[in-house]
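Since the structure comes first, as structure tokens, the remarks are kept for the end.
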Amino acid sequence: MSQLDTATLASGCFWCTEAVFQRLKGITAVVSGYAASKVPNPTYEAVCSGKTGAAEAIQVTYDPSIISYEKILEIFWHMHDPTTLNRQGNDVGTQYRSAVFYHNDEQKQVALATKAAIGLSGMYKKPLVTEITAFTNFYPAENYHKEYYERNRFQPYCSIIIDPKVQKLLREYRDDLKETYAH
């Protein structure tokens with residue numbers, strides 16, 4: 001196995017993002033948590049207050065020999081609405097903002113280039129509001145948030161909000177899925 005790399009992304013509820021990215025080939029781990037917090041070790045309740053500055057995010061560990069950072073961002077841009085400021089669907093607040101937290105200059109350049117390309121593509125009618133900012137910190141979420149979709153598939157939030165994202169992934173990115181999800 002080649003050297004692994006890390007991507008940190010925010011695109012609304014981390015349950016949704018985790019469910020999508022853990023299905024991709026080359027992704028070795030997906031951790032739900034809080035990125036860019038102004039306070040150490042924020043709790044879910046503190047993040048929801050909007051006072052921590054943290055975003056619900058995922059931290060992805062991946063093998064760049066199998067999946068590129070550019071492919072990760074392509075899927076990121078397609079799996080949420082990067083035109084809504086501080087919200088995704090009914091989830092509203094700065095903790096639900098769209099953001100790419102880059103870990104190095106190469107990631108920054110790829111993030112800026114893919115954002116520009118998506119903006120020019122006409123895929124979205126409104127301008128992209130996704131922030132592209134340097135990674136500062138990431139705190140894993142409480143245990144009850146981990147693998148939420150896998151453990152709660154029949155909960156209304158999962159079937160109404162997360163299932164359509166997973167189905168879109170299955171339709172549009174079948175070749176990028178891990179063997180266990182490709183069927």
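So you can find residues: chains in the structure tokens are A, B, ... in the order shown, residues in each start at 1, and ligands are numbered from 1 in order.
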
Report the closest atom pair, with its distance in Å rounded to one decimal, for each residue of stretch 2-43 of chain A that has an atom no farther than 8 Å from stretch 47-52 of chain A; count only C-alpha atoms, sort by chain and then rising residue number, and write it as JSON lines.
{"residue": "A:Tyr34", "atom": "CA", "partner": "A:Val47", "partner_atom": "CA", "distance": 7.8}
{"residue": "A:Ser37", "atom": "CA", "partner": "A:Thr52", "partner_atom": "CA", "distance": 5.4}
{"residue": "A:Lys38", "atom": "CA", "partner": "A:Thr52", "partner_atom": "CA", "distance": 5.3}
{"residue": "A:Val39", "atom": "CA", "partner": "A:Thr52", "partner_atom": "CA", "distance": 5.9}
{"residue": "A:Pro42", "atom": "CA", "partner": "A:Val47", "partner_atom": "CA", "distance": 6.4}
{"residue": "A:Thr43", "atom": "CA", "partner": "A:Val47", "partner_atom": "CA", "distance": 6.2}

Quick one: which stretch 39-130 of chain A residues come within 12 Å of stretch 155-162 of chain A, and what is the nearest atom pair for each with the distance in Å to one decimal, counting only C-alpha atoms, rows ordered by chain and ascending number, as CSV?
residue,atom,partner,partner_atom,distance
A:Met79,CA,A:Ile162,CA,10.4
A:His80,CA,A:Ile162,CA,10.9
A:Gln88,CA,A:Ile161,CA,10.3
A:Gly89,CA,A:Ile161,CA,8.7
A:Asn90,CA,A:Ile161,CA,9.8
A:Asp91,CA,A:Ile161,CA,10.7

Going by DSSP on the backbone, which residues of chain A come out as strand (DSSP E or B)? List them as a PDB file with N, CA and C atoms, in the first residue's frame.
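Wrote result.pdb, looks like this:
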ATOM      1  N   ASP A   5      -3.063   9.617   2.505  1.00  0.00           N
ATOM      2  CA  ASP A   5      -3.205  11.062   2.619  1.00  0.00           C
ATOM      3  C   ASP A   5      -4.528  11.363   3.325  1.00  0.00           C
ATOM      4  N   THR A   6      -4.742  12.631   3.648  1.00  0.00           N
ATOM      5  CA  THR A   6      -5.919  13.050   4.396  1.00  0.00           C
ATOM      6  C   THR A   6      -6.631  14.184   3.681  1.00  0.00           C
ATOM      7  N   ALA A   7      -7.958  14.110   3.668  1.00  0.00           N
ATOM      8  CA  ALA A   7      -8.799  15.196   3.166  1.00  0.00           C
ATOM      9  C   ALA A   7      -9.813  15.530   4.243  1.00  0.00           C
ATOM     10  N   THR A   8     -10.101  16.814   4.423  1.00  0.00           N
ATOM     11  CA  THR A   8     -11.093  17.247   5.404  1.00  0.00           C
ATOM     12  C   THR A   8     -12.118  18.114   4.683  1.00  0.00           C
ATOM     13  N   LEU A   9     -13.384  17.678   4.750  1.00  0.00           N
ATOM     14  CA  LEU A   9     -14.448  18.307   3.979  1.00  0.00           C
ATOM     15  C   LEU A   9     -15.690  18.537   4.830  1.00  0.00           C
ATOM     16  N   ALA A  10     -16.386  19.629   4.565  1.00  0.00           N
ATOM     17  CA  ALA A  10     -17.655  19.923   5.227  1.00  0.00           C
ATOM     18  C   ALA A  10     -18.701  20.176   4.150  1.00  0.00           C
ATOM     19  N   SER A  11     -19.815  19.473   4.260  1.00  0.00           N
ATOM     20  CA  SER A  11     -20.875  19.649   3.262  1.00  0.00           C
ATOM     21  C   SER A  11     -22.241  19.418   3.880  1.00  0.00           C
ATOM     22  N   LEU A  24     -16.347   4.491  -1.155  1.00  0.00           N
ATOM     23  CA  LEU A  24     -15.442   4.678  -2.283  1.00  0.00           C
ATOM     24  C   LEU A  24     -14.162   3.855  -2.166  1.00  0.00           C
ATOM     25  N   ILE A  27     -10.616   4.720  -0.107  1.00  0.00           N
ATOM     26  CA  ILE A  27     -10.871   5.393   1.173  1.00  0.00           C
ATOM     27  C   ILE A  27     -10.672   4.345   2.264  1.00  0.00           C
ATOM     28  N   THR A  28      -9.725   4.595   3.149  1.00  0.00           N
ATOM     29  CA  THR A  28      -9.445   3.609   4.196  1.00  0.00           C
ATOM     30  C   THR A  28     -10.135   3.942   5.515  1.00  0.00           C
ATOM     31  N   ALA A  29     -10.507   5.208   5.714  1.00  0.00           N
ATOM     32  CA  ALA A  29     -11.224   5.607   6.930  1.00  0.00           C
ATOM     33  C   ALA A  29     -11.974   6.902   6.683  1.00  0.00           C
ATOM     34  N   VAL A  30     -13.141   7.006   7.312  1.00  0.00           N
ATOM     35  CA  VAL A  30     -13.924   8.243   7.294  1.00  0.00           C
ATOM     36  C   VAL A  30     -14.354   8.495   8.734  1.00  0.00           C
ATOM     37  N   VAL A  31     -13.983   9.653   9.259  1.00  0.00           N
ATOM     38  CA  VAL A  31     -14.319  10.004  10.633  1.00  0.00           C
ATOM     39  C   VAL A  31     -15.186  11.255  10.613  1.00  0.00           C
ATOM     40  N   SER A  32     -16.357  11.178  11.232  1.00  0.00           N
ATOM     41  CA  SER A  32     -17.214  12.353  11.393  1.00  0.00           C
ATOM     42  C   SER A  32     -16.697  13.170  12.566  1.00  0.00           C
ATOM     43  N   GLY A  33     -16.760  14.486  12.415  1.00  0.00           N
ATOM     44  CA  GLY A  33     -16.297  15.329  13.504  1.00  0.00           C
ATOM     45  C   GLY A  33     -16.503  16.796  13.230  1.00  0.00           C
ATOM     46  N   TYR A  34     -15.679  17.593  13.891  1.00  0.00           N
ATOM     47  CA  TYR A  34     -15.821  19.049  13.853  1.00  0.00           C
ATOM     48  C   TYR A  34     -14.492  19.663  13.423  1.00  0.00           C
ATOM     49  N   ALA A  35     -14.548  20.462  12.358  1.00  0.00           N
ATOM     50  CA  ALA A  35     -13.341  21.098  11.822  1.00  0.00           C
ATOM     51  C   ALA A  35     -13.389  22.591  12.083  1.00  0.00           C
ATOM     52  N   ALA A  55     -17.338  23.462  11.917  1.00  0.00           N
ATOM     53  CA  ALA A  55     -18.232  22.917  10.902  1.00  0.00           C
ATOM     54  C   ALA A  55     -18.336  21.418  11.109  1.00  0.00           C
ATOM     55  N   GLU A  56     -19.544  20.862  10.925  1.00  0.00           N
ATOM     56  CA  GLU A  56     -19.656  19.412  10.865  1.00  0.00           C
ATOM     57  C   GLU A  56     -18.874  18.991   9.631  1.00  0.00           C
ATOM     58  N   ALA A  57     -17.974  18.059   9.794  1.00  0.00           N
ATOM     59  CA  ALA A  57     -17.070  17.696   8.696  1.00  0.00           C
ATOM     60  C   ALA A  57     -16.727  16.216   8.780  1.00  0.00           C
ATOM     61  N   ILE A  58     -16.059  15.757   7.747  1.00  0.00           N
ATOM     62  CA  ILE A  58     -15.478  14.422   7.775  1.00  0.00           C
ATOM     63  C   ILE A  58     -13.995  14.559   7.502  1.00  0.00           C
ATOM     64  N   GLN A  59     -13.256  13.654   8.094  1.00  0.00           N
ATOM     65  CA  GLN A  59     -11.841  13.549   7.774  1.00  0.00           C
ATOM     66  C   GLN A  59     -11.655  12.185   7.120  1.00  0.00           C
ATOM     67  N   VAL A  60     -11.161  12.218   5.893  1.00  0.00           N
ATOM     68  CA  VAL A  60     -11.032  11.042   5.057  1.00  0.00           C
ATOM     69  C   VAL A  60      -9.549  10.669   4.959  1.00  0.00           C
ATOM     70  N   THR A  61      -9.251   9.424   5.224  1.00  0.00           N
ATOM     71  CA  THR A  61      -7.915   8.896   4.963  1.00  0.00           C
ATOM     72  C   THR A  61      -8.038   8.081   3.687  1.00  0.00           C
ATOM     73  N   TYR A  62      -7.141   8.368   2.727  1.00  0.00           N
ATOM     74  CA  TYR A  62      -7.268   7.717   1.430  1.00  0.00           C
ATOM     75  C   TYR A  62      -5.907   7.370   0.840  1.00  0.00           C
ATOM     76  N   ARG A  87     -26.021  26.263   5.128  1.00  0.00           N
ATOM     77  CA  ARG A  87     -27.175  25.360   5.196  1.00  0.00           C
ATOM     78  C   ARG A  87     -27.052  24.287   4.143  1.00  0.00           C
ATOM     79  N   GLN A  88     -27.666  23.160   4.441  1.00  0.00           N
ATOM     80  CA  GLN A  88     -27.915  22.090   3.486  1.00  0.00           C
ATOM     81  C   GLN A  88     -29.308  21.594   3.809  1.00  0.00           C
ATOM     82  N   ASP A  91     -31.028  21.701   7.412  1.00  0.00           N
ATOM     83  CA  ASP A  91     -29.965  21.923   8.391  1.00  0.00           C
ATOM     84  C   ASP A  91     -29.393  23.320   8.173  1.00  0.00           C
ATOM     85  N   VAL A  92     -29.577  24.196   9.157  1.00  0.00           N
ATOM     86  CA  VAL A  92     -29.191  25.600   9.014  1.00  0.00           C
ATOM     87  C   VAL A  92     -28.245  26.003  10.135  1.00  0.00           C
ATOM     88  N   SER A  98     -20.462  24.746   3.666  1.00  0.00           N
ATOM     89  CA  SER A  98     -19.689  23.978   2.701  1.00  0.00           C
ATOM     90  C   SER A  98     -18.252  24.473   2.761  1.00  0.00           C
ATOM     91  N   ALA A  99     -17.307  23.545   2.961  1.00  0.00           N
ATOM     92  CA  ALA A  99     -15.906  23.962   3.103  1.00  0.00           C
ATOM     93  C   ALA A  99     -14.950  22.834   2.725  1.00  0.00           C
ATOM     94  N   VAL A 100     -13.834  23.249   2.160  1.00  0.00           N
ATOM     95  CA  VAL A 100     -12.702  22.358   1.933  1.00  0.00           C
ATOM     96  C   VAL A 100     -11.579  22.891   2.806  1.00  0.00           C
ATOM     97  N   PHE A 101     -11.101  22.058   3.721  1.00  0.00           N
ATOM     98  CA  PHE A 101     -10.004  22.435   4.612  1.00  0.00           C
ATOM     99  C   PHE A 101      -8.739  21.751   4.086  1.00  0.00           C
ATOM    100  N   TYR A 102      -7.944  22.493   3.319  1.00  0.00           N
ATOM    101  CA  TYR A 102      -6.785  21.881   2.667  1.00  0.00           C
ATOM    102  C   TYR A 102      -5.630  21.696   3.649  1.00  0.00           C
ATOM    103  N   GLU A 131     -16.235  27.613   1.198  1.00  0.00           N
ATOM    104  CA  GLU A 131     -14.973  28.218   1.627  1.00  0.00           C
ATOM    105  C   GLU A 131     -13.847  27.216   1.399  1.00  0.00           C
ATOM    106  N   ILE A 132     -12.719  27.737   0.963  1.00  0.00           N
ATOM    107  CA  ILE A 132     -11.511  26.927   0.811  1.00  0.00           C
ATOM    108  C   ILE A 132     -10.483  27.565   1.722  1.00  0.00           C
ATOM    109  N   THR A 133     -10.164  26.843   2.777  1.00  0.00           N
ATOM    110  CA  THR A 133      -9.350  27.429   3.838  1.00  0.00           C
ATOM    111  C   THR A 133      -8.366  26.400   4.394  1.00  0.00           C
ATOM    112  N   ALA A 134      -7.303  26.903   4.951  1.00  0.00           N
ATOM    113  CA  ALA A 134      -6.277  26.029   5.521  1.00  0.00           C
ATOM    114  C   ALA A 134      -6.834  25.223   6.692  1.00  0.00           C
ATOM    115  N   PHE A 138      -9.246  19.296  13.768  1.00  0.00           N
ATOM    116  CA  PHE A 138     -10.362  18.388  13.566  1.00  0.00           C
ATOM    117  C   PHE A 138     -10.529  17.580  14.847  1.00  0.00           C
ATOM    118  N   TYR A 139     -11.748  17.546  15.357  1.00  0.00           N
ATOM    119  CA  TYR A 139     -12.058  16.778  16.556  1.00  0.00           C
ATOM    120  C   TYR A 139     -13.114  15.730  16.208  1.00  0.00           C
ATOM    121  N   PRO A 140     -12.827  14.451  16.442  1.00  0.00           N
ATOM    122  CA  PRO A 140     -13.831  13.421  16.149  1.00  0.00           C
ATOM    123  C   PRO A 140     -15.123  13.666  16.934  1.00  0.00           C
ATOM    124  N   LEU A 177     -16.783   2.665  -6.614  1.00  0.00           N
ATOM    125  CA  LEU A 177     -17.261   2.074  -5.367  1.00  0.00           C
ATOM    126  C   LEU A 177     -16.451   0.864  -4.953  1.00  0.00           C
TER     127      LEU A 177
END

Problem - DSSP-assigned helix (DSSP H, G or I) members of stretch 23-156 of chain A, reported as a ChimeraX atom specification - result: /A:44-48,69-78,94-96,105-121,143-145,148-151,156

Fill in the blank from the handout: Of A:Thr180, A:Gln95, A:Thr17, A:Ser2, the one sitting nearest A:His145 when using only C-alpha atoms is A:Thr17

Exercise for the section: Can you work out the spacing between atom CA of A:Ala54 and atom CA of A:Ala36 in Å, to one decimal? Expected result: 4.9 Å
